[in-house]
Amino acid sequence: MTIQRREFIAALAGGGAAGLAGCSTLTGDDSDAEISGETLTLTTTSSTYNTGLLDELNAPFEDRYGVSVDAVSQGTGQALETARNGDSDVVMVHARSLEDEFMEAGYGVNRRDLMYNDFVVIGGPDDPAGIGGSDDVTEAFTAIADSESPFVSRGDDSGTHTKELEIWDEAGRSADELGEWYQEAGQGMGDVINMANQQGAYTLSDRGTYLDMQGEVDLEIHVQGPIEDGPELLANPYGIVAVNPAVHDNVEYDLAMAYIGFITGPEGQDLIENYTANGEQLFYPEALSEEPNFRQYVPEGWSADGGGNSSDSSDE
Amino acid sequence: MSLESATTVPLLAGFPFEWNYIRSIIVVSLYVSVAAVALSTLVSLPIALAVGFSDFRGKGLLTSIINTGMGFPSVVVGLAVLFTVSNEGPLGSLELVFTREAMIMSQFVLAAPVITGVSLAAVSSVEQNVRDAAYAMGGTRLDVALVTIKEARYGIATAVLAGFGRAISEVGSVLIVGGNIAGADGTSKTRTLTTAIQLEAQRGRFETAMILGAVLLAIVLVVNGIVVRLGSDEGGYR
């Protein structure tokens with residue numbers, strides 16, 4: 001530990017001396033040395049964590065940079081809140097509206113699209129609401145509500161929960177006014193899938209977690225997402241955001257950017273592309289494109305005049 | 001062939017039950033709980049002796065406060081410790097959030113009232129005439145304390161065990177302040193047996209969760225056995 005710290009200081013001093021000497025190019029080795037021995041804290045959602053994808057991504061990153069990654073699995077809401085307090089260095093989440101809020105308030109910088117998969121509506125094989133094979137998810141939700149079939153909601157401000165509320169909204173229903181058949185679990189995706197399985201209930205799941213648990217439950221996919229030509233409303237894009245070092249000066253910003261660079265680069269994107277569970281691909285890389293959109297990411301409806309006040313920009 | 005068997009037994013295919021992983025989880029669990037219980041004992045025992053020996057106004061109230069502390073909900077303690085060690089909190093500059101040290105802090109807060117309360121009961125139950133005799137034989141306060149500890153040793157051992165049981169089987173606060181972190185190399189950093197069980201249950205791998213539960217139970221049994229054995233080797237216990 002002490003030795004690592006010394007090396008770190010030596011590397012910093014060396015880098016500084018090189019900078020003073022007017023050495024304009026920083027070699028890869030130098031930038032590696034500056035962050036080696038440090039620990040990156042990543043808060044992320046249960047859907048990336050529980051599927052095992054992160055282990056696959058983090059091991060080669062740790063090897064290359066000589067650092068360790070502490071991955072903490074929380075709901076999207078909690079993950080962003082932890083980052084807001086400066087307790088994590090980088091967040092990987094999947095609820096664009098909450099990410100935008102986080103960015104607009106100045107807590108995040110350098111957001112990148114990372115990957116996507118989709119949501120699916122799953123339920124017991126008997127399908128009491130008769131929604132099997134539907135390609136309109138709002139109609140399916142309406143059918144579930146009309147037949148008062150049991151439905152388990154995450155109810156935990158996660159990205160999946162945010163999406164579910166958006167679909168109820170599109171279906172013209174308010175989640176507060178649904179009947180007793182609608183249960184808010186307040187738990188992670190895996191727990192909710194287990195609960196739905198016990199009751200033969202419907203739930204909205206990200207495809208990755210469902211595929212990962214498919215062997216252990218009787219639930220089936222009744223409404224597909226866009227990966228299997230389902231409605232675009234069920235798209236599930238993941239983003240990665242570095243915590244703004246100007247707000248929290250303790251965050252490991254260099255390391256966070258190295259991590260973002262690694263997983264949005266060819267190696268990280270390949271790992272995402274090739275990661276499977278039960279023989280099926282869980283996530284689709286989205287960071288690299290032959291026609292890159294090279295503008296800095298700007299939250300929807302954001303204007304510089306808003307001055308970082310999110311309520312102003314949402315009013316416009 | 002191997003692929004086929006992997007699909008027919010998906011539970012075993014995703015089995016994280018390799019020895020390094022489980023051993024690191026056990027090490028973290030024991031490290032955190034033993035450290036917290038040792039610290040709690042150092043603080044609790046003098047308090048229990050001091051309160052047990054003296055009579056003062058408000059002794060009853062203090063005793064009830066200690067006994068109430070035995071029932072602190074662990075998630076509330078976890079939340080309080082999180083606010084303390086968070087970057088925004090009073091100890092933020094120490095960067096303790098999601099570390100074992102933060103977990104030890106929360107376990108300490110949970111175990112200390114248990115150890116204090118149970119030892120206080122044990123110390124108080126040592127008959128007054130034993131203490132009087134020690135005084136009468138010209139003992140100092142320290143001698144009397146030692147005699148009382150000797151008389152109450154089984155009760156005090158029970159107190160430490162109860163504190164240990166509370167610490168190692170607790171899930172709420174270690175999950176909040178520790179973050180349930182395991183490295184990509186498959187070893188635990190802040191993952192304990194209880195939080196690992198929680199994660200496995202969440203992933204629907206109930207068999208793995210059950211096996212981890214059996215390991216936890218075995219550890220508690222072994223620790224209990226050791227303490228009881230120690231008590232009996234020293235001439236039995238009351």
# chains A, B, ... in the order shown; residues from 1 in each chain; ligands from 1
>>> interface_residues(of="chain A", to="chain B", cutoff="7 Å", atoms="only C-alpha atoms", output="MDAnalysis selection string")
chainID A and resid 50 55 58:59 69:72 85:87 190:191 194 213 215:216
>>> residues_around(residues="A:Gln214", least_positions_apart="3", cutoff="12 Å", atoms="only C-alpha atoms", output="list of chain:residue names")
A:Thr51, A:Ile122, A:Gly123, A:Gly190, A:Ile193, A:Asn194, A:Asn197, A:Ser205, A:Arg207, A:Gly208, A:Thr209, A:Tyr210, A:Leu211, A:Val217, A:Asp218, A:Leu219, A:Glu220, A:Ile221, A:Ala277, A:Asn278, A:Gly279, A:Glu280, B:Thr7, B:Pro10, B:Leu11, B:Arg203, B:Gly204, B:Arg205
>>> closest_residue(among="A:Asp126, A:Glu81, A:Glu38, A:Glu291", to="A:Asp157", atoms="only C-alpha atoms")
A:Glu81
>>> select_by_dssp(residues="stretch 10-203 of chain A", states="strand (DSSP E or B)", output="short mmCIF file (atom, residue, chain, number, x, y, z; two decimals) with all heavy atoms, in the first residue's frame")
data_model
loop_
_atom_site.label_atom_id
_atom_site.label_comp_id
_atom_site.auth_asym_id
_atom_site.auth_seq_id
_atom_site.Cartn_x
_atom_site.Cartn_y
_atom_site.Cartn_z
N THR A 39 -8.57 3.45 -6.40
CA THR A 39 -9.81 2.68 -6.44
C THR A 39 -10.92 3.53 -7.04
O THR A 39 -11.13 4.67 -6.63
CB THR A 39 -10.21 2.26 -5.03
OG1 THR A 39 -9.19 1.43 -4.49
CG2 THR A 39 -11.52 1.49 -5.05
N LEU A 40 -11.58 2.95 -8.02
CA LEU A 40 -12.71 3.62 -8.66
C LEU A 40 -14.00 3.09 -8.04
O LEU A 40 -14.19 1.89 -7.97
CB LEU A 40 -12.70 3.34 -10.16
CG LEU A 40 -13.87 3.93 -10.96
CD1 LEU A 40 -13.69 5.43 -11.13
CD2 LEU A 40 -13.98 3.26 -12.32
N THR A 41 -14.86 3.99 -7.58
CA THR A 41 -16.15 3.55 -7.08
C THR A 41 -17.21 3.80 -8.14
O THR A 41 -17.40 4.93 -8.59
CB THR A 41 -16.52 4.27 -5.78
OG1 THR A 41 -15.46 4.10 -4.85
CG2 THR A 41 -17.80 3.70 -5.19
N LEU A 42 -17.86 2.72 -8.54
CA LEU A 42 -18.87 2.78 -9.60
C LEU A 42 -20.22 2.41 -8.98
O LEU A 42 -20.35 1.36 -8.37
CB LEU A 42 -18.50 1.76 -10.69
CG LEU A 42 -19.59 1.31 -11.66
CD1 LEU A 42 -19.91 2.40 -12.65
CD2 LEU A 42 -19.15 0.05 -12.39
N THR A 43 -21.19 3.30 -9.09
CA THR A 43 -22.53 2.87 -8.68
C THR A 43 -23.31 2.55 -9.94
O THR A 43 -23.23 3.26 -10.94
CB THR A 43 -23.28 3.95 -7.86
OG1 THR A 43 -23.06 5.22 -8.43
CG2 THR A 43 -22.80 3.95 -6.42
N THR A 44 -24.04 1.46 -9.87
CA THR A 44 -24.72 1.00 -11.06
C THR A 44 -26.02 0.31 -10.68
O THR A 44 -26.32 0.16 -9.51
CB THR A 44 -23.80 0.07 -11.87
OG1 THR A 44 -24.45 -0.28 -13.09
CG2 THR A 44 -23.50 -1.21 -11.10
N SER A 68 -8.34 -0.84 -8.79
CA SER A 68 -9.47 -1.73 -8.53
C SER A 68 -10.77 -0.95 -8.67
O SER A 68 -10.81 0.26 -8.47
CB SER A 68 -9.35 -2.37 -7.15
OG SER A 68 -9.36 -1.39 -6.16
N VAL A 69 -11.80 -1.68 -9.07
CA VAL A 69 -13.10 -1.08 -9.28
C VAL A 69 -14.05 -1.62 -8.21
O VAL A 69 -14.23 -2.82 -8.10
CB VAL A 69 -13.67 -1.41 -10.68
CG1 VAL A 69 -15.03 -0.75 -10.86
CG2 VAL A 69 -12.71 -0.95 -11.77
N ASP A 70 -14.60 -0.72 -7.40
CA ASP A 70 -15.61 -1.11 -6.43
C ASP A 70 -16.97 -0.86 -7.04
O ASP A 70 -17.39 0.29 -7.17
CB ASP A 70 -15.47 -0.28 -5.15
CG ASP A 70 -14.29 -0.72 -4.31
OD1 ASP A 70 -13.60 -1.66 -4.73
OD2 ASP A 70 -14.06 -0.12 -3.25
N ALA A 71 -17.64 -1.93 -7.43
CA ALA A 71 -18.95 -1.77 -8.06
C ALA A 71 -20.03 -1.95 -7.01
O ALA A 71 -20.07 -2.96 -6.33
CB ALA A 71 -19.12 -2.78 -9.17
N VAL A 72 -20.87 -0.94 -6.85
CA VAL A 72 -21.96 -0.99 -5.87
C VAL A 72 -23.27 -1.02 -6.64
O VAL A 72 -23.54 -0.16 -7.46
CB VAL A 72 -21.92 0.23 -4.94
CG1 VAL A 72 -23.03 0.15 -3.92
CG2 VAL A 72 -20.57 0.33 -4.25
N SER A 73 -24.07 -2.06 -6.37
CA SER A 73 -25.32 -2.24 -7.10
C SER A 73 -26.47 -1.58 -6.34
O SER A 73 -26.76 -1.92 -5.20
CB SER A 73 -25.57 -3.74 -7.26
OG SER A 73 -26.93 -3.99 -7.48
N VAL A 90 -18.25 7.35 -10.72
CA VAL A 90 -18.87 7.19 -12.03
C VAL A 90 -20.17 6.40 -11.85
O VAL A 90 -20.26 5.56 -10.95
CB VAL A 90 -17.88 6.51 -13.03
CG1 VAL A 90 -17.49 5.14 -12.56
CG2 VAL A 90 -18.41 6.47 -14.44
N VAL A 91 -21.19 6.73 -12.65
CA VAL A 91 -22.46 6.01 -12.55
C VAL A 91 -22.85 5.44 -13.90
O VAL A 91 -22.67 6.08 -14.94
CB VAL A 91 -23.64 6.90 -12.06
CG1 VAL A 91 -23.69 6.95 -10.57
CG2 VAL A 91 -23.58 8.28 -12.63
N MET A 92 -23.40 4.21 -13.85
CA MET A 92 -23.88 3.55 -15.06
C MET A 92 -25.35 3.22 -14.84
O MET A 92 -25.68 2.39 -13.99
CB MET A 92 -23.07 2.26 -15.29
CG MET A 92 -23.39 1.54 -16.58
SD MET A 92 -22.69 -0.13 -16.57
CE MET A 92 -20.94 0.23 -16.55
N VAL A 93 -26.23 3.93 -15.55
CA VAL A 93 -27.66 3.81 -15.25
C VAL A 93 -28.49 3.76 -16.53
O VAL A 93 -27.96 3.91 -17.63
CB VAL A 93 -28.14 4.98 -14.36
CG1 VAL A 93 -27.62 4.83 -12.94
CG2 VAL A 93 -27.71 6.31 -14.93
N GLY A 108 -22.98 15.78 -13.06
CA GLY A 108 -22.31 14.84 -13.96
C GLY A 108 -21.69 15.56 -15.15
O GLY A 108 -22.19 16.61 -15.58
N VAL A 109 -20.60 14.98 -15.66
CA VAL A 109 -20.01 15.50 -16.89
C VAL A 109 -19.67 14.33 -17.80
O VAL A 109 -19.50 13.19 -17.35
CB VAL A 109 -18.72 16.31 -16.63
CG1 VAL A 109 -19.04 17.66 -16.01
CG2 VAL A 109 -17.75 15.54 -15.75
N ASN A 110 -19.56 14.64 -19.10
CA ASN A 110 -19.10 13.65 -20.08
C ASN A 110 -19.94 12.38 -20.10
O ASN A 110 -19.43 11.28 -20.02
CB ASN A 110 -17.64 13.28 -19.84
CG ASN A 110 -16.72 14.47 -20.09
OD1 ASN A 110 -17.08 15.37 -20.85
ND2 ASN A 110 -15.58 14.48 -19.46
N ARG A 111 -21.24 12.55 -20.23
CA ARG A 111 -22.09 11.36 -20.38
C ARG A 111 -21.87 10.73 -21.75
O ARG A 111 -21.74 11.43 -22.74
CB ARG A 111 -23.56 11.74 -20.23
CG ARG A 111 -24.47 10.53 -20.29
CD ARG A 111 -25.91 10.90 -20.51
NE ARG A 111 -26.72 9.70 -20.70
CZ ARG A 111 -26.78 9.01 -21.82
NH1 ARG A 111 -26.10 9.39 -22.88
NH2 ARG A 111 -27.51 7.92 -21.90
N ARG A 112 -21.81 9.41 -21.77
CA ARG A 112 -21.71 8.69 -23.05
C ARG A 112 -22.79 7.62 -23.11
O ARG A 112 -23.11 6.99 -22.12
CB ARG A 112 -20.34 7.99 -23.15
CG ARG A 112 -19.14 8.90 -23.29
CD ARG A 112 -19.03 9.57 -24.66
NE ARG A 112 -19.15 8.62 -25.78
CZ ARG A 112 -18.13 7.93 -26.28
NH1 ARG A 112 -16.93 8.03 -25.77
NH2 ARG A 112 -18.31 7.11 -27.29
N ASP A 113 -23.34 7.45 -24.34
CA ASP A 113 -24.18 6.28 -24.57
C ASP A 113 -23.28 5.06 -24.47
O ASP A 113 -22.17 5.06 -25.00
CB ASP A 113 -24.78 6.31 -25.97
CG ASP A 113 -25.91 7.32 -26.08
OD1 ASP A 113 -26.47 7.69 -25.03
OD2 ASP A 113 -26.22 7.74 -27.20
N LEU A 114 -23.74 4.02 -23.79
CA LEU A 114 -22.89 2.87 -23.56
C LEU A 114 -23.37 1.64 -24.33
O LEU A 114 -22.64 1.01 -25.08
CB LEU A 114 -22.83 2.56 -22.06
CG LEU A 114 -22.07 1.32 -21.66
CD1 LEU A 114 -20.60 1.46 -22.04
CD2 LEU A 114 -22.21 1.08 -20.17
N MET A 115 -24.64 1.31 -24.10
CA MET A 115 -25.16 0.07 -24.67
C MET A 115 -26.68 0.13 -24.53
O MET A 115 -27.21 1.05 -23.92
CB MET A 115 -24.61 -1.14 -23.93
CG MET A 115 -24.98 -1.14 -22.45
SD MET A 115 -24.10 -2.39 -21.53
CE MET A 115 -24.82 -2.16 -19.91
N TYR A 116 -27.35 -0.83 -25.10
CA TYR A 116 -28.79 -0.87 -24.88
C TYR A 116 -29.24 -2.31 -24.85
O TYR A 116 -28.57 -3.21 -25.34
CB TYR A 116 -29.53 -0.10 -25.98
CG TYR A 116 -29.44 -0.72 -27.35
CD1 TYR A 116 -30.43 -1.59 -27.81
CD2 TYR A 116 -28.35 -0.46 -28.17
CE1 TYR A 116 -30.32 -2.18 -29.06
CE2 TYR A 116 -28.24 -1.04 -29.41
CZ TYR A 116 -29.23 -1.90 -29.85
OH TYR A 116 -29.12 -2.50 -31.08
N ASN A 117 -30.37 -2.51 -24.22
CA ASN A 117 -31.14 -3.71 -24.47
C ASN A 117 -32.59 -3.26 -24.41
O ASN A 117 -32.87 -2.10 -24.74
CB ASN A 117 -30.78 -4.88 -23.53
CG ASN A 117 -31.09 -4.62 -22.09
OD1 ASN A 117 -31.71 -3.61 -21.74
ND2 ASN A 117 -30.68 -5.51 -21.23
N ASP A 118 -33.50 -4.09 -24.02
CA ASP A 118 -34.88 -3.60 -24.02
C ASP A 118 -35.64 -4.20 -22.84
O ASP A 118 -35.14 -5.08 -22.14
CB ASP A 118 -35.58 -3.92 -25.34
CG ASP A 118 -35.61 -5.41 -25.65
OD1 ASP A 118 -35.10 -6.21 -24.83
OD2 ASP A 118 -36.14 -5.79 -26.71
N PHE A 119 -36.81 -3.65 -22.61
CA PHE A 119 -37.69 -4.19 -21.58
C PHE A 119 -38.66 -5.17 -22.22
O PHE A 119 -38.99 -5.07 -23.40
CB PHE A 119 -38.49 -3.05 -20.93
CG PHE A 119 -37.64 -2.10 -20.15
CD1 PHE A 119 -37.38 -0.82 -20.64
CD2 PHE A 119 -37.11 -2.45 -18.92
CE1 PHE A 119 -36.59 0.07 -19.92
CE2 PHE A 119 -36.33 -1.57 -18.19
CZ PHE A 119 -36.08 -0.30 -18.69
N VAL A 120 -39.10 -6.12 -21.41
CA VAL A 120 -40.12 -7.07 -21.88
C VAL A 120 -41.19 -7.18 -20.79
O VAL A 120 -40.90 -6.97 -19.61
CB VAL A 120 -39.51 -8.46 -22.16
CG1 VAL A 120 -38.61 -8.42 -23.38
CG2 VAL A 120 -38.74 -8.98 -20.95
N VAL A 121 -42.42 -7.46 -21.21
CA VAL A 121 -43.47 -7.73 -20.23
C VAL A 121 -43.52 -9.24 -20.04
O VAL A 121 -43.73 -9.98 -21.01
CB VAL A 121 -44.84 -7.20 -20.70
CG1 VAL A 121 -45.90 -7.48 -19.63
CG2 VAL A 121 -44.75 -5.70 -20.99
N ILE A 122 -43.27 -9.67 -18.82
CA ILE A 122 -43.28 -11.11 -18.56
C ILE A 122 -44.43 -11.45 -17.61
O ILE A 122 -44.95 -10.59 -16.90
CB ILE A 122 -41.94 -11.60 -17.96
CG1 ILE A 122 -41.59 -10.82 -16.70
CG2 ILE A 122 -40.83 -11.46 -18.98
CD1 ILE A 122 -40.34 -11.33 -16.00
N GLY A 123 -44.83 -12.70 -17.62
CA GLY A 123 -45.92 -13.14 -16.77
C GLY A 123 -46.03 -14.65 -16.79
O GLY A 123 -45.29 -15.32 -17.52
N PHE A 151 -50.06 -7.73 -10.88
CA PHE A 151 -48.90 -7.10 -11.50
C PHE A 151 -47.97 -6.66 -10.38
O PHE A 151 -48.41 -6.05 -9.41
CB PHE A 151 -49.35 -5.88 -12.31
CG PHE A 151 -48.24 -5.22 -13.10
CD1 PHE A 151 -48.07 -5.50 -14.45
CD2 PHE A 151 -47.39 -4.31 -12.49
CE1 PHE A 151 -47.04 -4.89 -15.18
CE2 PHE A 151 -46.36 -3.71 -13.22
CZ PHE A 151 -46.20 -3.99 -14.56
N VAL A 152 -46.68 -7.01 -10.48
CA VAL A 152 -45.72 -6.59 -9.47
C VAL A 152 -44.87 -5.47 -10.04
O VAL A 152 -44.25 -5.62 -11.10
CB VAL A 152 -44.81 -7.75 -9.00
CG1 VAL A 152 -43.92 -7.28 -7.85
CG2 VAL A 152 -45.65 -8.94 -8.57
N SER A 153 -44.87 -4.33 -9.35
CA SER A 153 -44.07 -3.20 -9.77
C SER A 153 -42.80 -3.13 -8.92
O SER A 153 -42.81 -3.50 -7.76
CB SER A 153 -44.87 -1.91 -9.57
OG SER A 153 -44.02 -0.78 -9.64
N TYR A 182 -52.33 -4.47 -8.14
CA TYR A 182 -51.07 -3.81 -8.46
C TYR A 182 -50.24 -3.68 -7.19
O TYR A 182 -50.63 -2.99 -6.25
CB TYR A 182 -51.36 -2.43 -9.05
CG TYR A 182 -50.12 -1.63 -9.43
CD1 TYR A 182 -49.49 -1.85 -10.64
CD2 TYR A 182 -49.62 -0.64 -8.59
CE1 TYR A 182 -48.37 -1.12 -11.01
CE2 TYR A 182 -48.51 0.09 -8.95
CZ TYR A 182 -47.88 -0.15 -10.16
OH TYR A 182 -46.79 0.59 -10.51
N GLN A 183 -49.09 -4.38 -7.14
CA GLN A 183 -48.29 -4.39 -5.91
C GLN A 183 -46.94 -3.73 -6.13
O GLN A 183 -46.24 -4.07 -7.08
CB GLN A 183 -48.05 -5.84 -5.48
CG GLN A 183 -49.29 -6.68 -5.40
CD GLN A 183 -48.93 -8.15 -5.44
OE1 GLN A 183 -48.08 -8.61 -4.70
NE2 GLN A 183 -49.57 -8.89 -6.34
N GLU A 184 -46.62 -2.81 -5.26
CA GLU A 184 -45.29 -2.19 -5.32
C GLU A 184 -44.34 -2.95 -4.40
O GLU A 184 -44.52 -2.95 -3.19
CB GLU A 184 -45.37 -0.73 -4.89
CG GLU A 184 -46.05 0.13 -5.92
CD GLU A 184 -45.83 1.61 -5.67
OE1 GLU A 184 -44.84 1.96 -5.00
OE2 GLU A 184 -46.63 2.40 -6.16
N TYR A 202 -47.81 -10.54 -13.66
CA TYR A 202 -47.06 -9.85 -14.70
C TYR A 202 -46.06 -8.90 -14.06
O TYR A 202 -46.26 -8.43 -12.94
CB TYR A 202 -48.01 -9.02 -15.58
CG TYR A 202 -48.96 -9.84 -16.39
CD1 TYR A 202 -50.29 -9.97 -16.00
CD2 TYR A 202 -48.55 -10.45 -17.56
CE1 TYR A 202 -51.18 -10.72 -16.75
CE2 TYR A 202 -49.43 -11.20 -18.33
CZ TYR A 202 -50.74 -11.33 -17.92
OH TYR A 202 -51.62 -12.06 -18.66
N THR A 203 -45.00 -8.60 -14.80
CA THR A 203 -44.12 -7.51 -14.39
C THR A 203 -43.34 -7.04 -15.60
O THR A 203 -43.29 -7.73 -16.63
CB THR A 203 -43.16 -7.93 -13.25
OG1 THR A 203 -42.50 -6.77 -12.75
CG2 THR A 203 -42.11 -8.92 -13.73
#
>>> decode(residues="stretch 114-137 of chain B", atoms="N, CA and C atoms", output="PDB file, in the first residue's frame")
ATOM      1  N   VAL B 114     -25.914  -4.155  23.186  1.00  0.00           N
ATOM      2  CA  VAL B 114     -26.206  -5.547  23.552  1.00  0.00           C
ATOM      3  C   VAL B 114     -25.202  -6.020  24.596  1.00  0.00           C
ATOM      4  N   ILE B 115     -23.902  -5.763  24.322  1.00  0.00           N
ATOM      5  CA  ILE B 115     -22.865  -6.227  25.245  1.00  0.00           C
ATOM      6  C   ILE B 115     -22.982  -5.489  26.580  1.00  0.00           C
ATOM      7  N   THR B 116     -23.242  -4.193  26.528  1.00  0.00           N
ATOM      8  CA  THR B 116     -23.400  -3.428  27.771  1.00  0.00           C
ATOM      9  C   THR B 116     -24.587  -3.945  28.574  1.00  0.00           C
ATOM     10  N   GLY B 117     -25.721  -4.092  27.906  1.00  0.00           N
ATOM     11  CA  GLY B 117     -26.948  -4.472  28.606  1.00  0.00           C
ATOM     12  C   GLY B 117     -26.853  -5.841  29.243  1.00  0.00           C
ATOM     13  N   VAL B 118     -26.362  -6.824  28.498  1.00  0.00           N
ATOM     14  CA  VAL B 118     -26.302  -8.184  29.029  1.00  0.00           C
ATOM     15  C   VAL B 118     -25.238  -8.282  30.126  1.00  0.00           C
ATOM     16  N   SER B 119     -24.070  -7.606  29.920  1.00  0.00           N
ATOM     17  CA  SER B 119     -23.063  -7.665  31.003  1.00  0.00           C
ATOM     18  C   SER B 119     -23.553  -6.947  32.243  1.00  0.00           C
ATOM     19  N   LEU B 120     -24.289  -5.870  32.051  1.00  0.00           N
ATOM     20  CA  LEU B 120     -24.815  -5.135  33.213  1.00  0.00           C
ATOM     21  C   LEU B 120     -25.714  -6.044  34.035  1.00  0.00           C
ATOM     22  N   ALA B 121     -26.554  -6.804  33.336  1.00  0.00           N
ATOM     23  CA  ALA B 121     -27.434  -7.737  34.041  1.00  0.00           C
ATOM     24  C   ALA B 121     -26.614  -8.777  34.792  1.00  0.00           C
ATOM     25  N   ALA B 122     -25.531  -9.259  34.122  1.00  0.00           N
ATOM     26  CA  ALA B 122     -24.688 -10.282  34.752  1.00  0.00           C
ATOM     27  C   ALA B 122     -23.973  -9.716  35.976  1.00  0.00           C
ATOM     28  N   VAL B 123     -23.414  -8.511  35.823  1.00  0.00           N
ATOM     29  CA  VAL B 123     -22.688  -7.889  36.926  1.00  0.00           C
ATOM     30  C   VAL B 123     -23.633  -7.602  38.095  1.00  0.00           C
ATOM     31  N   SER B 124     -24.820  -7.124  37.763  1.00  0.00           N
ATOM     32  CA  SER B 124     -25.772  -6.781  38.820  1.00  0.00           C
ATOM     33  C   SER B 124     -26.224  -8.007  39.587  1.00  0.00           C
ATOM     34  N   SER B 125     -26.190  -9.181  38.929  1.00  0.00           N
ATOM     35  CA  SER B 125     -26.703 -10.366  39.591  1.00  0.00           C
ATOM     36  C   SER B 125     -25.659 -11.013  40.513  1.00  0.00           C
ATOM     37  N   VAL B 126     -24.400 -10.510  40.427  1.00  0.00           N
ATOM     38  CA  VAL B 126     -23.396 -11.010  41.377  1.00  0.00           C
ATOM     39  C   VAL B 126     -23.806 -10.541  42.771  1.00  0.00           C
ATOM     40  N   GLU B 127     -23.876 -11.464  43.661  1.00  0.00           N
ATOM     41  CA  GLU B 127     -24.466 -11.117  44.957  1.00  0.00           C
ATOM     42  C   GLU B 127     -23.661 -10.043  45.674  1.00  0.00           C
ATOM     43  N   GLN B 128     -24.391  -9.174  46.329  1.00  0.00           N
ATOM     44  CA  GLN B 128     -23.772  -8.057  47.030  1.00  0.00           C
ATOM     45  C   GLN B 128     -22.744  -8.560  48.046  1.00  0.00           C
ATOM     46  N   ASN B 129     -23.046  -9.718  48.708  1.00  0.00           N
ATOM     47  CA  ASN B 129     -22.124 -10.166  49.766  1.00  0.00           C
ATOM     48  C   ASN B 129     -20.771 -10.611  49.221  1.00  0.00           C
ATOM     49  N   VAL B 130     -20.734 -10.993  47.912  1.00  0.00           N
ATOM     50  CA  VAL B 130     -19.436 -11.323  47.310  1.00  0.00           C
ATOM     51  C   VAL B 130     -18.586 -10.062  47.237  1.00  0.00           C
ATOM     52  N   ARG B 131     -19.237  -8.984  46.800  1.00  0.00           N
ATOM     53  CA  ARG B 131     -18.503  -7.717  46.699  1.00  0.00           C
ATOM     54  C   ARG B 131     -18.106  -7.218  48.102  1.00  0.00           C
ATOM     55  N   ASP B 132     -19.069  -7.352  49.039  1.00  0.00           N
ATOM     56  CA  ASP B 132     -18.784  -6.914  50.416  1.00  0.00           C
ATOM     57  C   ASP B 132     -17.593  -7.674  50.981  1.00  0.00           C
ATOM     58  N   ALA B 133     -17.571  -8.986  50.712  1.00  0.00           N
ATOM     59  CA  ALA B 133     -16.481  -9.806  51.219  1.00  0.00           C
ATOM     60  C   ALA B 133     -15.150  -9.338  50.654  1.00  0.00           C
ATOM     61  N   ALA B 134     -15.156  -9.039  49.345  1.00  0.00           N
ATOM     62  CA  ALA B 134     -13.921  -8.583  48.705  1.00  0.00           C
ATOM     63  C   ALA B 134     -13.444  -7.279  49.331  1.00  0.00           C
ATOM     64  N   TYR B 135     -14.398  -6.381  49.595  1.00  0.00           N
ATOM     65  CA  TYR B 135     -14.045  -5.127  50.264  1.00  0.00           C
ATOM     66  C   TYR B 135     -13.491  -5.405  51.658  1.00  0.00           C
ATOM     67  N   ALA B 136     -14.221  -6.302  52.368  1.00  0.00           N
ATOM     68  CA  ALA B 136     -13.864  -6.581  53.769  1.00  0.00           C
ATOM     69  C   ALA B 136     -12.448  -7.151  53.871  1.00  0.00           C
ATOM     70  N   MET B 137     -12.046  -7.905  52.814  1.00  0.00           N
ATOM     71  CA  MET B 137     -10.710  -8.480  52.847  1.00  0.00           C
ATOM     72  C   MET B 137      -9.649  -7.470  52.420  1.00  0.00           C
TER      73      MET B 137
END
